[in-house]
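upload-v8.cif follows (mmCIF, C-alpha atoms):
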data_target
loop_
_atom_site.label_atom_id
_atom_site.label_comp_id
_atom_site.auth_asym_id
_atom_site.auth_seq_id
_atom_site.Cartn_x
_atom_site.Cartn_y
_atom_site.Cartn_z
CA MET F 445 106.40 54.77 -155.52
CA ILE F 446 107.72 55.51 -152.02
CA ASP F 447 109.99 53.02 -150.26
CA TYR F 448 109.05 51.99 -146.70
CA PRO F 449 111.80 50.28 -144.72
CA PRO F 450 110.64 47.64 -142.21
CA LEU F 451 109.97 48.89 -138.68
CA ARG F 452 111.15 46.57 -135.92
CA THR F 453 110.93 46.75 -132.11
CA PRO F 454 111.04 43.96 -129.51
CA ARG F 455 107.28 43.46 -130.06
CA LEU F 456 106.70 44.59 -133.64
CA ASP F 457 107.92 43.71 -137.11
CA VAL F 458 105.92 45.85 -139.53
CA GLN F 459 106.10 46.44 -143.27
CA LEU F 460 104.07 49.33 -144.70
CA ARG F 461 103.27 50.43 -148.23
CA GLU F 462 102.12 53.64 -149.85
CA LEU F 463 98.37 54.27 -149.81
CA THR F 464 96.51 54.36 -153.11
CA ILE F 465 94.61 57.56 -153.91
CA GLY F 466 91.36 55.76 -153.09
CA GLU F 467 92.70 54.71 -149.71
CA ALA F 468 93.99 58.21 -149.05
CA LEU F 469 90.48 59.53 -149.67
CA GLN F 470 89.13 57.02 -147.13
CA LEU F 471 91.59 58.33 -144.57
CA ALA F 472 90.75 61.94 -145.42
CA ALA F 473 87.06 61.21 -144.78
CA VAL F 474 87.64 60.33 -141.11
CA PRO F 475 86.47 63.25 -138.91
CA PRO F 476 89.50 65.37 -137.97
CA ASN F 477 88.98 64.97 -134.22
CA LYS F 478 88.81 61.14 -134.38
CA HIS F 479 92.53 60.50 -134.19
CA GLU F 480 92.34 56.91 -132.92
CA ARG F 481 89.90 55.98 -135.68
CA ALA F 482 92.17 57.61 -138.26
CA MET F 483 95.20 55.79 -136.88
CA SER F 484 93.37 52.46 -137.10
CA ALA F 485 92.34 53.24 -140.68
CA LEU F 486 95.92 54.08 -141.67
CA LEU F 487 97.30 50.94 -140.07
CA ARG F 488 94.71 48.68 -141.70
CA LEU F 489 95.19 50.23 -145.12
CA ALA F 490 98.98 50.62 -145.25
CA MET F 491 100.14 47.47 -143.48
CA VAL F 492 101.50 44.78 -145.76
CA ARG F 493 102.84 42.54 -143.02
CA ALA F 494 103.00 42.47 -139.24
CA GLY F 495 105.23 39.86 -137.68
CA GLY F 496 106.66 39.75 -134.22
CA GLU F 497 104.82 38.87 -131.04
CA HIS F 498 101.75 41.03 -131.73
CA GLN F 499 100.44 41.12 -135.30
CA ASP F 500 97.09 42.88 -134.84
CA PRO F 501 97.29 46.71 -134.56
CA ALA F 502 94.21 46.59 -132.36
CA ARG F 503 96.44 44.89 -129.78
CA TRP F 504 99.34 47.33 -130.06
CA THR F 505 99.75 49.86 -127.29
CA VAL F 506 98.76 53.47 -127.91
CA GLN F 507 102.46 54.35 -128.14
CA GLU F 508 103.25 51.53 -130.58
CA ARG F 509 100.45 52.69 -132.86
CA MET F 510 101.88 56.21 -132.74
CA LEU F 511 105.31 54.87 -133.65
CA VAL F 512 104.01 53.10 -136.76
CA MET F 513 102.01 56.20 -137.72
CA ALA F 514 105.16 58.27 -137.30
CA HIS F 515 107.10 55.78 -139.45
CA TYR F 516 104.62 56.31 -142.27
CA ILE F 517 104.82 60.08 -141.89
CA SER F 518 108.63 59.96 -141.94
CA CYS F 519 108.57 58.15 -145.27
CA VAL F 520 106.28 60.68 -146.97
CA SER F 521 107.65 63.81 -145.29
CA GLU F 522 109.95 66.12 -147.24
CA THR F 523 112.02 66.55 -144.07
CA GLY F 524 112.63 62.82 -143.64
CA ALA F 525 112.90 60.69 -140.51
CA ASN F 526 113.22 63.64 -138.10
CA PHE F 527 110.16 65.39 -139.50
CA GLU F 528 108.58 68.53 -138.08
CA LEU F 529 106.18 67.81 -135.23
CA GLY F 530 104.39 70.68 -133.50
CA ASN F 531 107.01 73.36 -132.92
CA GLY F 532 109.75 70.73 -132.71
CA ARG F 533 110.82 67.59 -134.51
CA PHE F 534 110.05 63.90 -134.11
CA LEU F 535 113.20 63.04 -132.16
CA ASP F 536 112.31 65.70 -129.60
CA PHE F 537 109.47 63.38 -128.54
CA LEU F 538 110.69 59.81 -129.17
CA ASP F 539 112.58 57.85 -126.50
CA PRO F 540 114.23 55.09 -128.58
CA MET F 541 115.87 53.51 -125.53
CA ALA F 542 112.43 52.78 -124.00
CA ASP F 543 111.04 50.80 -126.92
CA THR F 544 108.82 48.52 -124.87
CA GLY F 545 107.03 48.65 -121.52
CA PRO F 546 105.49 46.17 -119.07
CA GLU F 547 101.94 45.02 -119.74
CA GLU F 548 100.94 45.96 -116.20
CA ILE F 549 102.49 46.87 -112.86
CA ASP F 550 101.52 47.30 -109.21
CA ALA F 551 100.25 50.84 -108.67
CA GLY F 552 99.87 50.90 -104.89
CA ALA F 553 97.01 51.55 -102.48
CA ALA F 554 94.20 54.12 -102.70
CA CYS F 555 90.61 54.39 -101.53
CA GLY F 556 90.92 51.27 -99.38
CA ASP F 557 92.07 48.99 -102.22
CA THR F 558 95.33 47.85 -103.80
CA TRP F 559 95.53 48.60 -107.52
CA ARG F 560 97.31 47.52 -110.66
CA ILE F 561 97.70 49.67 -113.77
CA ARG F 562 98.02 48.38 -117.34
CA GLN F 563 98.70 49.50 -120.88
CA VAL F 564 95.88 50.68 -123.14
CA TYR F 565 95.73 49.01 -126.56
CA GLY F 566 94.36 50.08 -129.92
CA ALA F 567 90.83 48.68 -129.73
CA GLU F 568 90.46 50.08 -126.22
CA ALA F 569 91.68 53.51 -127.31
CA GLU F 570 89.05 53.59 -130.06
CA ALA F 571 86.35 52.66 -127.52
CA ILE F 572 87.56 55.46 -125.24
CA GLU F 573 87.47 57.95 -128.11
CA ALA F 574 83.87 56.99 -128.93
CA ILE F 575 82.59 58.21 -125.54
CA CYS F 576 84.82 61.23 -124.88
CA GLY F 577 84.34 64.92 -125.57
CA SER F 578 86.69 66.67 -123.18
CA ARG F 579 90.06 66.31 -121.50
CA PHE F 580 88.30 65.23 -118.29
CA ASP F 581 86.36 62.54 -120.19
CA TRP F 582 89.58 61.20 -121.69
CA THR F 583 91.31 61.18 -118.32
CA VAL F 584 88.51 59.34 -116.53
CA ALA F 585 88.02 56.84 -119.36
CA ASP F 586 91.76 56.16 -119.43
CA MET F 587 91.70 55.58 -115.67
CA ALA F 588 88.77 53.18 -116.11
CA ALA F 589 90.58 51.26 -118.85
CA ARG F 590 93.92 51.05 -117.07
CA LEU F 591 93.19 50.58 -113.36
CA ARG F 592 92.21 47.25 -111.80
CA VAL F 593 91.69 46.37 -108.16
CA GLN F 594 94.20 43.65 -107.32
CA ASP F 595 92.57 40.24 -106.65
CA ASP F 596 89.17 41.72 -107.50
CA GLU F 597 86.44 39.08 -107.83
CA GLU F 598 84.45 41.16 -110.31
CA PRO F 599 84.33 39.77 -113.89
CA LYS F 600 87.24 40.83 -116.07
CA ALA F 601 86.74 43.45 -118.74
CA PRO F 602 85.49 42.07 -122.07
CA ASP F 603 88.05 41.74 -124.84
CA ALA F 604 87.81 45.01 -126.81
CA VAL F 605 88.93 43.27 -130.02
CA LYS F 606 86.60 40.27 -129.86
CA GLU F 607 83.65 41.98 -128.14
CA PRO F 608 83.83 45.73 -128.86
CA HIS F 609 80.18 46.40 -128.00
CA ARG F 610 80.41 44.64 -124.64
CA TYR F 611 83.70 46.37 -123.91
CA GLY F 612 82.13 49.74 -124.68
CA GLU F 613 79.26 49.02 -122.27
CA TRP F 614 81.71 47.89 -119.58
CA LEU F 615 83.83 51.00 -120.08
CA GLN F 616 80.81 53.31 -119.81
CA ALA F 617 79.85 51.65 -116.53
CA GLN F 618 83.37 51.99 -115.12
CA VAL F 619 83.51 55.64 -116.13
CA GLY F 620 80.23 56.19 -114.30
CA VAL F 621 81.65 54.66 -111.14
CA ILE F 622 84.69 56.95 -111.21
CA LYS F 623 82.66 60.09 -111.96
CA ALA F 624 80.41 59.29 -108.99
CA MET F 625 83.34 59.17 -106.53
CA PRO F 626 83.61 61.82 -103.81
CA GLU F 627 86.12 64.45 -104.88
CA SER F 628 88.64 63.55 -102.16
CA GLU F 629 88.61 59.87 -103.17
CA PHE F 630 88.92 60.75 -106.84
CA ALA F 631 91.94 62.93 -106.05
CA GLU F 632 93.56 60.02 -104.18
CA LEU F 633 92.94 57.59 -107.03
CA PHE F 634 94.06 60.13 -109.64
CA ALA F 635 97.39 60.62 -107.85
CA LEU F 636 97.95 56.86 -107.85
CA TYR F 637 97.04 56.66 -111.54
CA ARG F 638 99.42 59.45 -112.56
CA ALA F 639 102.28 57.92 -110.60
CA GLY F 640 101.59 54.52 -112.13
CA LEU F 641 101.66 55.85 -115.69
CA ALA F 642 105.37 56.62 -115.31
CA GLY F 643 106.06 52.91 -114.83
CA LEU F 644 104.32 52.08 -118.13
CA ASN F 645 106.16 54.68 -120.23
CA HIS F 646 107.67 53.53 -123.51
CA LEU F 647 108.47 55.31 -126.78
CA PHE F 648 106.43 58.44 -125.91
CA ARG F 649 105.09 60.17 -122.79
CA LEU F 650 101.34 60.52 -123.09
CA GLU F 651 99.01 63.31 -122.06
CA PHE F 652 95.50 64.38 -123.13
CA ASP F 653 93.72 67.33 -124.63
CA GLY F 654 90.05 67.52 -125.54
CA ASP F 655 90.57 65.35 -128.63
CA GLY F 656 92.57 62.57 -127.00
CA HIS F 657 96.16 61.44 -126.75
CA ILE F 658 99.03 63.84 -127.30
CA VAL F 659 102.75 63.29 -126.71
CA LEU F 660 105.01 65.35 -124.46
CA PRO F 661 108.51 66.48 -125.45
CA LYS F 662 111.52 64.99 -123.75
CA HIS F 663 112.92 68.45 -122.91
CA GLY F 664 112.73 72.10 -123.87
CA LYS F 665 114.11 73.61 -127.04
CA GLU F 666 117.66 74.86 -126.55
CA GLY F 667 117.88 78.58 -127.23
CA GLY F 668 114.21 78.83 -128.16
CA PRO F 669 110.66 78.53 -126.86
CA ASP F 670 109.58 75.49 -124.92
CA LEU F 671 108.36 72.62 -127.04
CA GLU F 672 104.61 72.12 -127.07
CA PRO F 673 102.79 68.76 -126.88
CA ALA F 674 102.05 67.27 -130.28
CA ARG F 675 100.19 64.45 -132.04
CA PHE F 676 100.62 62.49 -135.26
CA PRO F 677 97.81 63.73 -137.53
CA ALA F 678 96.34 61.54 -140.25
CA ASP F 679 96.46 64.38 -142.78
CA ALA F 680 100.26 64.31 -142.57
CA CYS F 681 100.08 60.88 -144.22
CA ILE F 682 98.30 62.05 -147.37
CA THR F 683 98.73 64.65 -150.10
CA GLU F 684 97.01 68.01 -150.25
CA ILE F 685 94.89 66.85 -153.21
CA ALA F 686 93.64 63.87 -151.19
CA ARG F 687 92.78 66.18 -148.29
CA ILE F 688 90.78 68.46 -150.62
CA LEU F 689 89.00 65.69 -152.56
CA GLY F 690 88.28 63.66 -149.43
CA GLN F 691 86.32 66.41 -147.67
#
As structure tokens - that is how I would like this structure written.
Amino acid sequence: MIDYPPLRTPRLDVQLRELTIGEALQLAAVPPNKHERAMSALLRLAMVRAGGEHQDPARWTVQERMLVMAHYISCVSETGANFELGNGRFLDFLDPMADTGPEEIDAGAACGDTWRIRQVYGAEAEAIEAICGSRFDWTVADMAARLRVQDDEEPKAPDAVKEPHRYGEWLQAQVGVIKAMPESEFAELFALYRAGLAGLNHLFRLEFDGDGHIVLPKHGKEGGPDLEPARFPADACITEIARILGQ
């Protein structure tokens, strides 16, 4: 039996446990490119307790979910807390001093409107993953989920936890609006979005590839090649036999 110390941040107080072999097979059965779905499965299966301000992993930020996933990996990894990640190690990517971020901030003006930008949470990330197949899709869907026109009279987005189907429909519509923008207007809004993301940073710096969220290193590797972006894969949480039997 593996010991899992509690994980605590200003927003989270989480106790995990080791997966059973049956649960590990459930995790192994998640398609390998569905990282948000796999992360949700791991959190639901392994979590014994979640205290703190936010107890539902569906309402944790993308970065908080990554942190808990990384905590599980660190407990099962032979290399311990600073486990291998991409061509670096975990602490090459984690910013422990930025352990929480604002829920939303002013992002500035673009395309004739004033905007705010907000965090993306677990249920929203899963909804984004369900409609994306490329880096561009992920970028536009993330923009749609995060950006809001300040003082907009349009109805608010549905709650992705309570009304996932309605949220998915809303998200698809917002993505369509952004994809239909003239290129010059999209470029203006994209610049605002990228600048605003810096104000939401906590724990990890996010980027995208064709399969979704990846994390950027804090700096290059001293005396070696530059560190590459990385992600926290579900198969790092389970044994080789579970990976084979779960296929």
query: Once the PyMOL selection byres ((chain F and resi 686) around 12) has been applied to the shown file, what residues remain in the selection, as an NGL selection string?
result: :F and (463-473 or 678-685 or 687-691)
- request: Might you pull out every residue within 10 Å of Thr583 (chain F), with only C-alpha atoms counted and same-chain residues fewer than 5 positions away left off, and present them as a VMD selection string?
  value: chain F and resid 572 576 578 588 to 589 619 634 637 651 to 654 656 to 657
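Among F:Asn477, F:Thr558, F:Asn645, F:Asn526, the residue with the shortest atom-to-atom distance to Glu573 (chain F), counting all atoms listed in the file, is F:Asn477.
Distance annotation: of F:Pro602, F:Gly530, F:Pro454, F:Pro608, the residue with the minimal separation from Ala674 (chain F) is F:Gly530; atom set is only C-alpha atoms.
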Using all atoms listed in the file, what table do you get, as a Markdown table, when you list each residue of region 560-640 of chain F with an atom no more than 12 Å from region 510-517 of chain F, its nearest pair of atoms, and their distance in Å rounded to one decimal, rows by chain then rising number?
| residue | atom | partner | partner_atom | distance |
| --- | --- | --- | --- | --- |
| F:Tyr565 | CA | F:Met510 | CA | 11.3 |
| F:Gly566 | CA | F:Met510 | CA | 10.1 |
| F:Ala569 | CA | F:Met510 | CA | 11.9 |
- request: Counting all atoms listed in the file, note down every residue that has an atom within 6 Å of the point (106.6, 64.3, -138.6) (file coordinates), as a VMD selection string.
  value: chain F and resid 517 to 518 527 to 529 534
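Minimum atom-to-atom distances from F:Arg562, F:Lys478, F:Arg455, F:Lys600 to Trp504 (chain F) were compared using all atoms listed in the file, and the lowest value belongs to F:Arg455.
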- prompt: At what distance in Å, to one decimal, does CA of Glu627 (chain F) lie from CA of Val659 (chain F)?
  reply: 27.5 Å
message: Translate the PyMOL selection byres ((chain F and resi 613) around 12) into a concrete residue list for this structure, as number ranges by chain.
response: F: 568, 571-572, 574-575, 601-604, 607-612, 614-620
- prompt: What is the distance, in Å and to one decimal place, between CA of Asp595 (chain F) and CA of Val621 (chain F)?
  reply: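 Answer for the CA of Asp595 (chain F) to CA of Val621 (chain F) separation: 18.6 Å.
Shortest separation to Leu671 (chain F) among F:Pro449, F:Phe537, F:Gly495, F:Asp457 occurs at residue F:Phe537, atoms counted being all atoms listed in the file.
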Could you tell me, as a CSV table (one decimal) with C-alpha atoms, in the frame of the given file, exactly which residues end up selected when the PyMOL selection byres ((chain F and resi 538) around 6) is applied to this structure?
chain,number,residue,atom,x,y,z
F,535,LEU,CA,113.2,63.0,-132.2
F,537,PHE,CA,109.5,63.4,-128.5
F,539,ASP,CA,112.6,57.8,-126.5
F,540,PRO,CA,114.2,55.1,-128.6
F,647,LEU,CA,108.5,55.3,-126.8
F,648,PHE,CA,106.4,58.4,-125.9
- prompt: What does the distance from CA of Val564 (chain F) to CA of Arg533 (chain F) come to in Å, to one decimal?
  reply: 25.3 Å
